[in-house]
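Asks: The structure that follows is given in the form of C-alpha cells.
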Amino acid sequence: MKQALFEAQHEALWQRVATLLADKQPSNETQLPALYRQLCQSMALARQRGYSPLLTEHLHGLVLAMHRKLYGTPLERPMTLRRWLGVEFPRRVRQEWRLLLLVCLAFWGVAAAVGLLVWFQPHWAYSWMDWQELTRYESMYSPSKEHIGRDGSDDDVMMFGFYIWNNVSICFRTFAGGLFGGIPALFSLVFNGMHFGVIAAWLSRDPAVAEVFWSFVITHASFEITGLLLSGVAGLRLGLTLLRPGRLSRRHALISASRHIFPVLVGAALLTVLAAFFEGFWSASSLIPPMTKFIVGGACWAMVIGFFVFAGRGQHAA
C-alpha cells in the first residue's frame, strides 16, 4: 500500500487522537484504550512498510503522548548518557559487524601484509617513504629520548591538543569519505594501515627501538585505531544508504541511517579524544617502564574488545 493511501485511511484516527490529547479533560476516557491500540497498530504498519521517517516519528510522538495520557508516565525515557554509552553504542556497532569486518580487513590486513614485506625485505620501505622520514621515526623512538614519539614540542598539554586535532581530522576525513560511495573511506583506512605497517616493521628491526615503539603505541592505539575503524563504519553506512536507499527516498533513507549510526560516530570521537589523552600524558613518558605500558596497554585492548562484544546485551538492552 502506498503511503498516501495509508495516510488517507488512518487520518481520521490520528485527528481524533490529537483532539483527545489536546483536551485536558476528555469527555469519554473509556475510548482511550481502544484508540491507543489502533494507534499502535498503525505505527507498527508504518514502520513495517518502510514509510517516511517523518510519518513514523509523528506517530511515535502520538503513541508516547497517548501512553502518558493513559498511564501517567512516559513510555520511554530520554536516552541517558549511561545507557547510550553502555547499551546503544556497542549494540549498533555489533549490528554493523559486516562493515566492521570490512574496515578491519582494509586497515589490519594491509598493515600486516606491508609489515611482513618490509620485515623480510627492508628495502621495500623506501617504496612508501623516503630515508629522511624513516630516519626521523628512528630518532623519535630512540631509547635515549626523554619524550618518546615526538618531533617538536615537549609540552604535554600542547601535544595533547595537537593529538586531538590530528586524530579527529583523520577520523573525520575517513567518515566523510564514506559518503562518496565508501571508496575514499576505504582508501583512507588502507593508507593508514600501510603507514602503520611500514613504520612498525622498520622500527622493529632494532630490538631496543622496537621496545620503545611498541610500548609507546600499545595503550593509546586501542582507542585511536578503534575510533578510526568506527569512523569508517559510520561513513560507509551512510554512503551505502545513498547508493541503495531501498523503498525510501534517498533523503529519508539518509535521515534514518544518520539517526541509526549517530551513536557510533560520536563514540568514535570520544575514543579518539581518549586516545589523545593517553598519547599526550602516558605513552610519551620515558619515566614509565615499558613493561608497565605493555600491561596497561594489554588491559586497554581487552577492555575495548570486551566492551563491544558483551556490553548492551541482556534484558536491559531490549
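Identifiers in the C-alpha cells: chain A, B, ... in order shown; residue index from 1 per chain; ligand index from 1 in order shown.
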Find the nearest atom pair between each residue of region 48-118 of chain A and region 254-270 of chain A for residues within 7 Å, count only C-alpha atoms, give distances in Å to one decimal, sort rows by chain and ascending number, and present the table as JSON lines.
Replies:
```
{"residue": "A:Pro53", "atom": "CA", "partner": "A:Ser256", "partner_atom": "CA", "distance": 6.6}
{"residue": "A:Phe89", "atom": "CA", "partner": "A:Pro263", "partner_atom": "CA", "distance": 5.4}
{"residue": "A:Arg92", "atom": "CA", "partner": "A:Val264", "partner_atom": "CA", "distance": 6.9}
{"residue": "A:Val93", "atom": "CA", "partner": "A:Val264", "partner_atom": "CA", "distance": 6.5}
```
Asks: List the spatial neighbours of region 308-310 of chain A as number ranges by chain - criterion: any atom at most 8 Å away, only C-alpha atoms, same-chain residues fewer than 4 positions off excluded.
Replies: A: 90-91, 93-94, 304
Asks: Which of these residues is nearest to Met158 (chain A), using only C-alpha atoms: A:Phe307, A:Phe277, A:Phe107, A:Phe294?
Replies: A:Phe277
Asks: Within 9 Å of Ile148 (chain A), counting only C-alpha atoms, which residues show up once you throw out same-chain ones fewer than 4 positions away? Write them as number ranges by chain, please.
Replies: A: 140-144, 212-213, 216, 283-286
Asks: Smallest atom-to-atom distance to Trp14 (chain A): which of A:Ile218, A:Leu62, A:Phe160, A:Gln41, using only C-alpha atoms?
Replies: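 So, comparing all the options, the nearest one is A:Leu62.
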Asks: Show which residues sit within 12 Å of Arg136 (chain A), as a list in words. Count only C-alpha atoms, and ignore same-chain residues fewer than 2 positions away.
Replies: Met129, Asp130, Trp131, Gln132, Glu133, Leu134, Glu138, Ser139, Met140, Tyr141, Ser142, Gly149, Arg150, Asp151, Gly152, Ile199, Trp202 and Leu203 of chain A
Asks: Would you save the residues of that selection, restricted to N, CA, C and O atoms, as a compact mmCIF listing (two decimals), in the first residue's frame?
Replies:
```txt
# COMPACT_ATOMS: atom_id res chain seq x y z
N MET A 129 58.17 5.42 1.75
CA MET A 129 58.71 6.57 2.49
C MET A 129 60.15 6.80 2.08
O MET A 129 60.87 5.86 1.74
N ASP A 130 60.58 8.06 2.17
CA ASP A 130 61.98 8.36 1.86
C ASP A 130 62.83 8.14 3.10
O ASP A 130 62.32 7.99 4.22
N TRP A 131 64.11 8.12 2.91
CA TRP A 131 65.00 7.77 4.00
C TRP A 131 65.01 8.81 5.12
O TRP A 131 65.22 8.50 6.28
N GLN A 132 64.78 10.12 4.76
CA GLN A 132 64.72 11.14 5.80
C GLN A 132 63.58 10.89 6.77
O GLN A 132 63.73 11.06 7.98
N GLU A 133 62.43 10.48 6.24
CA GLU A 133 61.28 10.24 7.12
C GLU A 133 61.51 9.02 7.99
O GLU A 133 61.17 9.03 9.19
N LEU A 134 62.10 7.97 7.44
CA LEU A 134 62.40 6.79 8.23
C LEU A 134 63.42 7.10 9.32
O LEU A 134 63.30 6.62 10.46
N GLU A 138 63.08 6.87 13.53
CA GLU A 138 64.07 6.21 14.38
C GLU A 138 64.50 7.13 15.51
O GLU A 138 64.69 6.69 16.65
N SER A 139 64.63 8.42 15.20
CA SER A 139 65.02 9.38 16.23
C SER A 139 63.90 9.59 17.24
O SER A 139 64.16 9.74 18.44
N MET A 140 62.66 9.60 16.78
CA MET A 140 61.52 9.82 17.67
C MET A 140 61.37 8.71 18.70
O MET A 140 60.91 8.94 19.82
N TYR A 141 61.79 7.51 18.35
CA TYR A 141 61.62 6.36 19.25
C TYR A 141 62.96 5.84 19.75
O TYR A 141 63.10 4.66 20.07
N SER A 142 63.93 6.72 19.82
CA SER A 142 65.23 6.35 20.36
C SER A 142 65.12 6.09 21.86
O SER A 142 64.43 6.83 22.58
N GLY A 149 58.27 9.57 20.87
CA GLY A 149 57.30 9.73 19.80
C GLY A 149 57.03 11.16 19.39
O GLY A 149 56.04 11.42 18.72
N ARG A 150 57.91 12.09 19.77
CA ARG A 150 57.69 13.49 19.45
C ARG A 150 58.84 14.04 18.63
O ARG A 150 60.00 13.68 18.85
N ASP A 151 58.47 14.92 17.72
CA ASP A 151 59.47 15.54 16.86
C ASP A 151 59.28 17.05 16.88
O ASP A 151 59.41 17.73 15.87
N GLY A 152 58.94 17.58 18.05
CA GLY A 152 58.69 19.01 18.17
C GLY A 152 58.60 19.40 19.63
O GLY A 152 59.52 19.17 20.41
N ILE A 199 56.08 1.59 9.29
CA ILE A 199 56.79 2.12 10.45
C ILE A 199 57.03 1.02 11.48
O ILE A 199 58.15 0.89 12.03
N TRP A 202 59.72 -1.43 10.17
CA TRP A 202 61.02 -0.79 10.07
C TRP A 202 61.66 -0.60 11.45
O TRP A 202 62.85 -0.89 11.65
N LEU A 203 60.88 -0.12 12.40
CA LEU A 203 61.42 0.13 13.75
C LEU A 203 61.62 -1.15 14.54
O LEU A 203 62.43 -1.18 15.48
```
